[in-house]
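Below: the structure, in structure tokens.
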Amino acid sequence: MEAFQKIHPLEFYRKFLERSVRPDGRSLQRIRNTTVSAGSILTADGSSFVKIGNTSVICGVRAEIAEKQQDQTTSNTCKSQIIVNIEMGPICSNIFSSTKPSEKAMSLCTQLNQLVQLLDIDPKQLYFDVDGKYLWYLYVDLYCLDYNGNILDAAIIAMLSALKNVKLPKGVVSDDGSEVYKEEDTMRTLIINSYLIPLSFAVIDEYVLSDPSLEEEKLSNGSISIVYNEKRELCLQLYSGITPLDEKTLQQCLDQTKQRTQEIKDLIDQSINDSKDK
Amino acid sequence: MKIDFRAQNDITTKIPSLKKNTSENTTKSNNTSSNNNGSKLVQQQQPKQRVKRTSRSDEQFRQIFMNTGIISSASGSSYIEIEQTKIICSVHGPRATHKTELFETAKLNCELKYASFSTHDARSDYVESTKEKDYSLIITQAIIGAIRLEKYPKAAIDIYILVLCDAGSALAASIVAASMALADAGVEMYDLVAACSSMPSHNEITQLLQTGELSYTNIVDGIDLCIDGCDKVYSIMKQNLIDSLKRQLLKKEQEQEQLQDS
């Protein structure tokens with residue numbers, strides 16, 4: 001059986017998919033077990049660890065300050081104040097090199113930076129002092145620890161729960177305005193009311209597989225990624241593949257992502273509450 | 001390596017300093033950053049100024065937790081936690097090299113990386129720092145004596161270490177992690193290397209590192225303490241590997257039974 005899997009992986013998968021089951025025992029719609037934990041890294045201002053099946057991502061947020069730029073308008077966005085980066089080094093898989101960032105990491109990085117702009121964060125929360133002369137910049141760094149498919153979902157959940165875990169110290173500007181200090185006795189939590197609910201799919205022949213593993217991603221002839229927010233508005237929809245996608249399949253995927261809303265919300269809320277008790 | 005998105009907005013940011021520099025804070029930072037300024041392996045147990053530790057006695061070790069086989073795509077992996085210090089390590093190989101020249105022994109590559117949020121210092125740059133390079137070399141030297149490199153001619157073994165959170169002793173913990181991951185990968189070794197860099201059951205020290213000014217008696221005391229500590233770490237490592245092997249065997253047995261049933 002193992003030899004068959006190695007020589008004809010696609011044929012091997014088809015035999016399973018015909019019976020609506022995957023080699024790892026999951027049904028086509030079944031999502032792998034997801035765990036979220038927040039606040040485990042002491043040195044970061046906010047952190048989280050997310051595991052979907054074997055895929056695991058760790059995320060840490062560092063807060064730094066800078067003076068407000070002259071050309072920065074007082075618009076209601078905190079654009080460019082949250083900078084997301086994902087690193088997929090050789091630690092997670094030997095397909096990645098340590099010298100240059102992979103294309104996968106680059107495209108993920110762009111998607112995550114776009115998604116973070118959609119979060120509902122009051123720009124006043126990122127003021128260092130009261131008048132907003134100095135601003136907080138949040139560097140969100142994600143590290144992939146185990147690459148086993150569906151990295152986008154894991155990264156989005158990790159990013160969101162780490163940001164919700166961020167605690168900022170109170171800022172003090174000295175009287176002459178030249179020096180800035182922080183007071184760690186009074187910490188405030190960054191309040192983010194919105195959520196992002198991601199779900200990715202792989203298309204193999206006419207079958208649509210939720211939460212694909214690495215092997216399934218490799219064999220697929222198309223992949224779909226959908227991100228909703230808590231109001232069930234669409235935040236990201238992505239399809240790439242060599243065969244066109246029909247409307248019915250897409251609708252199925254959209255519906256399935258909607259169904260995951262409550263589960264993801266509960267997972268994130270639970271992890272944030274647990275980290276508060278620590 | 002990462003993509004630097006900071007270049008886009010062209011803003012230099014910094015971490016604001018703490019307002020009150022109380023004595024409590026200085027001892028804290030002394031403890032956490034002992035890896036940066038002091039003699040790396042010895043000084044952890046013997047701080048320069050006789051600062052009394054509040055949470056534990058001078059000779060007391062912190063709680064250690066370790067686990068192996070956590071990264072599915074690597075041939076071997078390990079995770080070690082010494083209270084707040086958290087390190088993850090993966091080993092790829094032994095794999096065939098593409099180089100045409102003939103090696104009689106395996107080539108060992110080691111790469112240590114600090115996560116950008118792992119220390120209290122300013123965010124590190126994306127290029128490999130000298131500290132990371134230095135540590136990678138130290139780790140290589142510490143474990144190379146334990147591996148039976150002659151068993152793997154024309155092959156390469158890659159070790160990747162990621163420091164997730166550094167609250168002291170990151171280097172020692174990295175050595176333990178690397179040695180555990182190698183064992184998990186099934187690479188043939190003479191012995192496990194415990195941190196403080198000694199081979200406990202052979203009673204050989206593979207590496208000794210001391211920086212900064214210390215008196216002779218201090219060094220001897222420090223080494224004794226290290227060897228003592230290594231023994232403790234070694235027994236934990238051994239127990240852990242045996243446990244993980246048992247788990248794997250049990251899993252294999254169960255799988256085989258299932259196959260036979262079906």
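In the structure tokens, each chain is lettered A, B, ... as it comes, each chain's residues begin at 1, and ligands are numbered from 1 in order of appearance.
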Which residues of chain A sit at most 6 Å from chain B, using only C-alpha atoms? Give each one's shortest atom pair and distance in Å (one decimal place), in chain and ascending residue order, as a tab-separated table.
```
residue	atom	partner	partner_atom	distance
A:Thr43	CA	B:Thr119	CA	5.7
A:Ala44	CA	B:Phe117	CA	5.2
A:Gly60	CA	B:Phe117	CA	5.9
A:Glu64	CA	B:Ile15	CA	4.8
A:Ile65	CA	B:Thr13	CA	5.2
A:Ala66	CA	B:Thr13	CA	4.7
A:Glu87	CA	B:Lys2	CA	5.4
A:Ile91	CA	B:Tyr160	CA	5.5
A:Ser93	CA	B:Ser73	CA	5.7
A:Ser98	CA	B:Met1	CA	5.6
A:Thr99	CA	B:Met1	CA	5.7
A:Lys100	CA	B:Met1	CA	5.4
A:Pro101	CA	B:Met1	CA	5.1
A:Asp146	CA	B:Ile71	CA	5.5
A:Val180	CA	B:Pro16	CA	5.9
A:Tyr181	CA	B:Lys19	CA	5.1
A:Lys182	CA	B:Leu18	CA	5.2
```
Skipping near chain neighbours, those fewer than 6 positions away, what residues fall within 12 Å of A:Lys6 using only C-alpha atoms, listed as a list in words? Phe12, Tyr13 and Glu215 of chain A
Just the strand (DSSP E or B) stuff from stretch 80-223 of chain A, please, per backbone DSSP, written as a ChimeraX atom specification. /A:82-87,127,134-146,167-173,180-189,196-204,207-210,222-223
I need the chosen residues saved as a short mmCIF file (atom, residue, chain, number, x, y, z; two decimals), in the first residue's frame, with C-alpha atoms.
```cif
data_model
loop_
_atom_site.label_atom_id
_atom_site.label_comp_id
_atom_site.auth_asym_id
_atom_site.auth_seq_id
_atom_site.Cartn_x
_atom_site.Cartn_y
_atom_site.Cartn_z
CA ILE A 82 0.59 47.21 12.41
CA ILE A 83 3.24 45.42 10.40
CA VAL A 84 2.87 41.72 9.84
CA ASN A 85 5.67 39.39 8.84
CA ILE A 86 5.74 35.65 8.44
CA GLU A 87 8.85 33.57 8.44
CA TYR A 127 -1.55 56.56 20.90
CA TYR A 134 3.93 59.52 19.69
CA LEU A 135 2.40 56.42 18.20
CA TRP A 136 2.72 52.73 18.95
CA TYR A 137 3.87 50.53 16.11
CA LEU A 138 3.05 46.87 16.44
CA TYR A 139 5.36 44.40 14.76
CA VAL A 140 3.56 41.12 14.38
CA ASP A 141 6.03 38.34 13.65
CA LEU A 142 4.83 34.88 12.79
CA TYR A 143 7.05 31.83 12.70
CA CYS A 144 5.91 28.66 11.06
CA LEU A 145 7.11 25.75 13.22
CA ASP A 146 5.57 22.89 11.33
CA LYS A 167 -0.91 44.62 26.50
CA LEU A 168 0.55 48.10 26.20
CA PRO A 169 2.21 50.01 29.04
CA LYS A 170 1.19 53.54 29.89
CA GLY A 171 3.32 56.11 28.10
CA VAL A 172 4.86 59.17 29.71
CA VAL A 173 6.52 62.02 27.82
CA VAL A 180 9.72 59.06 26.47
CA TYR A 181 9.20 56.45 29.14
CA LYS A 182 6.83 53.61 29.77
CA GLU A 183 5.24 52.61 33.03
CA GLU A 184 4.76 48.89 33.27
CA ASP A 185 2.61 49.02 36.41
CA THR A 186 -0.38 50.12 34.42
CA MET A 187 -0.98 47.97 31.38
CA ARG A 188 -3.96 48.21 29.11
CA THR A 189 -5.23 45.56 26.77
CA LEU A 196 -11.46 36.92 11.07
CA ILE A 197 -12.76 33.48 10.27
CA PRO A 198 -10.66 31.73 7.64
CA LEU A 199 -11.12 28.43 5.90
CA SER A 200 -9.15 26.98 3.01
CA PHE A 201 -10.05 24.23 0.57
CA ALA A 202 -8.23 22.12 -1.95
CA VAL A 203 -9.85 20.91 -5.14
CA ILE A 204 -8.81 17.46 -6.37
CA TYR A 207 -13.87 16.81 -4.91
CA VAL A 208 -13.55 19.74 -2.54
CA LEU A 209 -11.49 19.04 0.57
CA SER A 210 -11.68 21.33 3.61
CA GLY A 222 -6.98 24.32 -7.34
CA SER A 223 -7.20 25.94 -3.95
#
```
In Å, with one decimal, what is the gap from atom CA of A:Asp269 to atom CA of B:Tyr79? 26.5 Å
Spatial neighbours of stretch 151-153 of chain B, 7 Å, only C-alpha atoms, chain gap at least 3 places, as a ChimeraX atom specification: /B:103-106,148
Among the residues A:Leu160, A:Val61, A:Asn148, A:Ile272, the one that comes closest to A:Lys218 [using only C-alpha atoms]: A:Asn148
When DSSP works through the backbone of this structure, what residues of stretch 20-214 of chain A end up as alpha helix (DSSP H), shown as a ChimeraX atom specification? /A:103-117,151-164,214
Mind writing the picked residues with N, CA, C and O atoms as a short mmCIF file (atom, residue, chain, number, x, y, z; two decimals), in the first residue's frame?
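Written out: part.cif:
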```
data_model
loop_
_atom_site.label_atom_id
_atom_site.label_comp_id
_atom_site.auth_asym_id
_atom_site.auth_seq_id
_atom_site.Cartn_x
_atom_site.Cartn_y
_atom_site.Cartn_z
N GLU A 103 8.53 32.30 -1.99
CA GLU A 103 7.39 32.99 -2.62
C GLU A 103 6.14 32.82 -1.80
O GLU A 103 5.33 33.73 -1.67
N LYS A 104 6.00 31.64 -1.25
CA LYS A 104 4.83 31.33 -0.42
C LYS A 104 4.75 32.32 0.75
O LYS A 104 3.70 32.87 1.03
N ALA A 105 5.89 32.51 1.41
CA ALA A 105 5.92 33.42 2.56
C ALA A 105 5.60 34.84 2.14
O ALA A 105 4.90 35.56 2.84
N MET A 106 6.10 35.23 0.98
CA MET A 106 5.87 36.59 0.51
C MET A 106 4.40 36.85 0.22
O MET A 106 3.85 37.88 0.62
N SER A 107 3.76 35.90 -0.46
CA SER A 107 2.35 36.12 -0.79
C SER A 107 1.49 36.07 0.46
O SER A 107 0.55 36.85 0.62
N LEU A 108 1.86 35.19 1.39
CA LEU A 108 1.14 35.12 2.66
C LEU A 108 1.24 36.44 3.41
O LEU A 108 0.27 36.94 3.97
N CYS A 109 2.46 36.99 3.38
CA CYS A 109 2.75 38.22 4.09
C CYS A 109 1.87 39.36 3.57
O CYS A 109 1.30 40.13 4.34
N THR A 110 1.74 39.45 2.26
CA THR A 110 0.91 40.48 1.67
C THR A 110 -0.55 40.31 2.07
O THR A 110 -1.22 41.27 2.44
N GLN A 111 -1.01 39.06 2.02
CA GLN A 111 -2.40 38.81 2.39
C GLN A 111 -2.67 39.17 3.83
O GLN A 111 -3.69 39.79 4.16
N LEU A 112 -1.74 38.80 4.72
CA LEU A 112 -1.93 39.08 6.14
C LEU A 112 -1.91 40.59 6.41
O LEU A 112 -2.69 41.09 7.22
N ASN A 113 -1.03 41.31 5.70
CA ASN A 113 -0.98 42.76 5.89
C ASN A 113 -2.25 43.44 5.41
O ASN A 113 -2.67 44.44 5.97
N GLN A 114 -2.85 42.87 4.37
CA GLN A 114 -4.12 43.43 3.91
C GLN A 114 -5.24 43.14 4.90
O GLN A 114 -6.07 43.98 5.20
N LEU A 115 -5.23 41.90 5.42
CA LEU A 115 -6.30 41.50 6.33
C LEU A 115 -6.27 42.27 7.64
O LEU A 115 -7.31 42.59 8.21
N VAL A 116 -5.07 42.59 8.09
CA VAL A 116 -4.97 43.26 9.39
C VAL A 116 -5.57 44.66 9.33
O VAL A 116 -6.06 45.20 10.32
N GLN A 117 -5.60 45.24 8.12
CA GLN A 117 -6.22 46.57 7.96
C GLN A 117 -7.72 46.52 8.15
O GLN A 117 -8.36 47.53 8.43
N ILE A 151 -1.56 26.71 5.85
CA ILE A 151 -0.82 27.64 6.70
C ILE A 151 -1.55 28.97 6.85
O ILE A 151 -1.46 29.63 7.88
N LEU A 152 -2.33 29.34 5.82
CA LEU A 152 -3.04 30.63 5.86
C LEU A 152 -4.00 30.69 7.04
O LEU A 152 -4.01 31.67 7.79
N ASP A 153 -4.79 29.64 7.23
CA ASP A 153 -5.75 29.63 8.33
C ASP A 153 -5.04 29.76 9.66
O ASP A 153 -5.42 30.57 10.51
N ALA A 154 -3.99 28.97 9.83
CA ALA A 154 -3.26 28.98 11.10
C ALA A 154 -2.66 30.36 11.34
O ALA A 154 -2.70 30.88 12.46
N ALA A 155 -2.10 30.98 10.28
CA ALA A 155 -1.46 32.28 10.43
C ALA A 155 -2.48 33.35 10.80
O ALA A 155 -2.21 34.19 11.66
N ILE A 156 -3.65 33.32 10.17
CA ILE A 156 -4.66 34.34 10.46
C ILE A 156 -5.15 34.22 11.90
O ILE A 156 -5.25 35.21 12.63
N ILE A 157 -5.41 33.00 12.33
CA ILE A 157 -5.89 32.80 13.70
C ILE A 157 -4.81 33.22 14.69
O ILE A 157 -5.09 33.88 15.70
N ALA A 158 -3.57 32.87 14.40
CA ALA A 158 -2.46 33.22 15.29
C ALA A 158 -2.29 34.73 15.38
O ALA A 158 -2.12 35.29 16.47
N MET A 159 -2.36 35.40 14.22
CA MET A 159 -2.20 36.85 14.18
C MET A 159 -3.28 37.52 15.01
O MET A 159 -3.00 38.40 15.82
N LEU A 160 -4.51 37.07 14.83
CA LEU A 160 -5.63 37.70 15.52
C LEU A 160 -5.54 37.49 17.02
O LEU A 160 -5.71 38.42 17.82
N SER A 161 -5.25 36.26 17.45
CA SER A 161 -5.23 36.03 18.90
C SER A 161 -4.03 36.69 19.55
O SER A 161 -4.12 37.11 20.70
N ALA A 162 -2.91 36.82 18.82
CA ALA A 162 -1.76 37.52 19.40
C ALA A 162 -2.08 39.00 19.56
O ALA A 162 -1.74 39.61 20.57
N LEU A 163 -2.75 39.59 18.57
CA LEU A 163 -3.11 41.01 18.66
C LEU A 163 -4.11 41.26 19.79
O LEU A 163 -4.04 42.26 20.48
N LYS A 164 -5.03 40.31 19.97
CA LYS A 164 -5.99 40.47 21.05
C LYS A 164 -5.33 40.29 22.41
O LYS A 164 -5.86 40.70 23.43
N LEU A 214 -0.67 19.00 3.73
CA LEU A 214 0.38 19.35 2.75
C LEU A 214 0.31 18.47 1.50
O LEU A 214 0.41 18.95 0.38
#
```
Nearest residue to A:Ser27 from the set A:Leu219, A:Glu233, A:Leu254, A:Pro212 (distances using only C-alpha atoms):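 Checking each of A:Leu219, A:Glu233, A:Leu254, A:Pro212 against A:Ser27, counting only C-alpha atoms, the winner is A:Pro212.
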Quick one: residues within 8 Å of A:Gln125, only C-alpha atoms counted, chain neighbours fewer than 4 positions away excluded, as a JSON list (two decimals) with N, CA, C and O atoms, in the first residue's frame?
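Output file result01.json follows:
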```json
[["chain", "number", "residue", "atom", "x", "y", "z"],
["A", 121, "ILE", "N", -9.92, 48.52, 14.82],
["A", 121, "ILE", "CA", -9.13, 49.00, 15.95],
["A", 121, "ILE", "C", -9.22, 50.52, 16.00],
["A", 121, "ILE", "O", -8.96, 51.19, 15.00],
["A", 190, "LEU", "N", -5.20, 45.82, 24.40],
["A", 190, "LEU", "CA", -5.66, 46.31, 23.10],
["A", 190, "LEU", "C", -7.03, 45.69, 22.83],
["A", 190, "LEU", "O", -7.19, 44.48, 22.91],
["A", 191, "ILE", "N", -8.00, 46.56, 22.57],
["A", 191, "ILE", "CA", -9.35, 46.02, 22.36],
["A", 191, "ILE", "C", -9.65, 45.92, 20.87],
["A", 191, "ILE", "O", -9.64, 46.91, 20.15]]
```
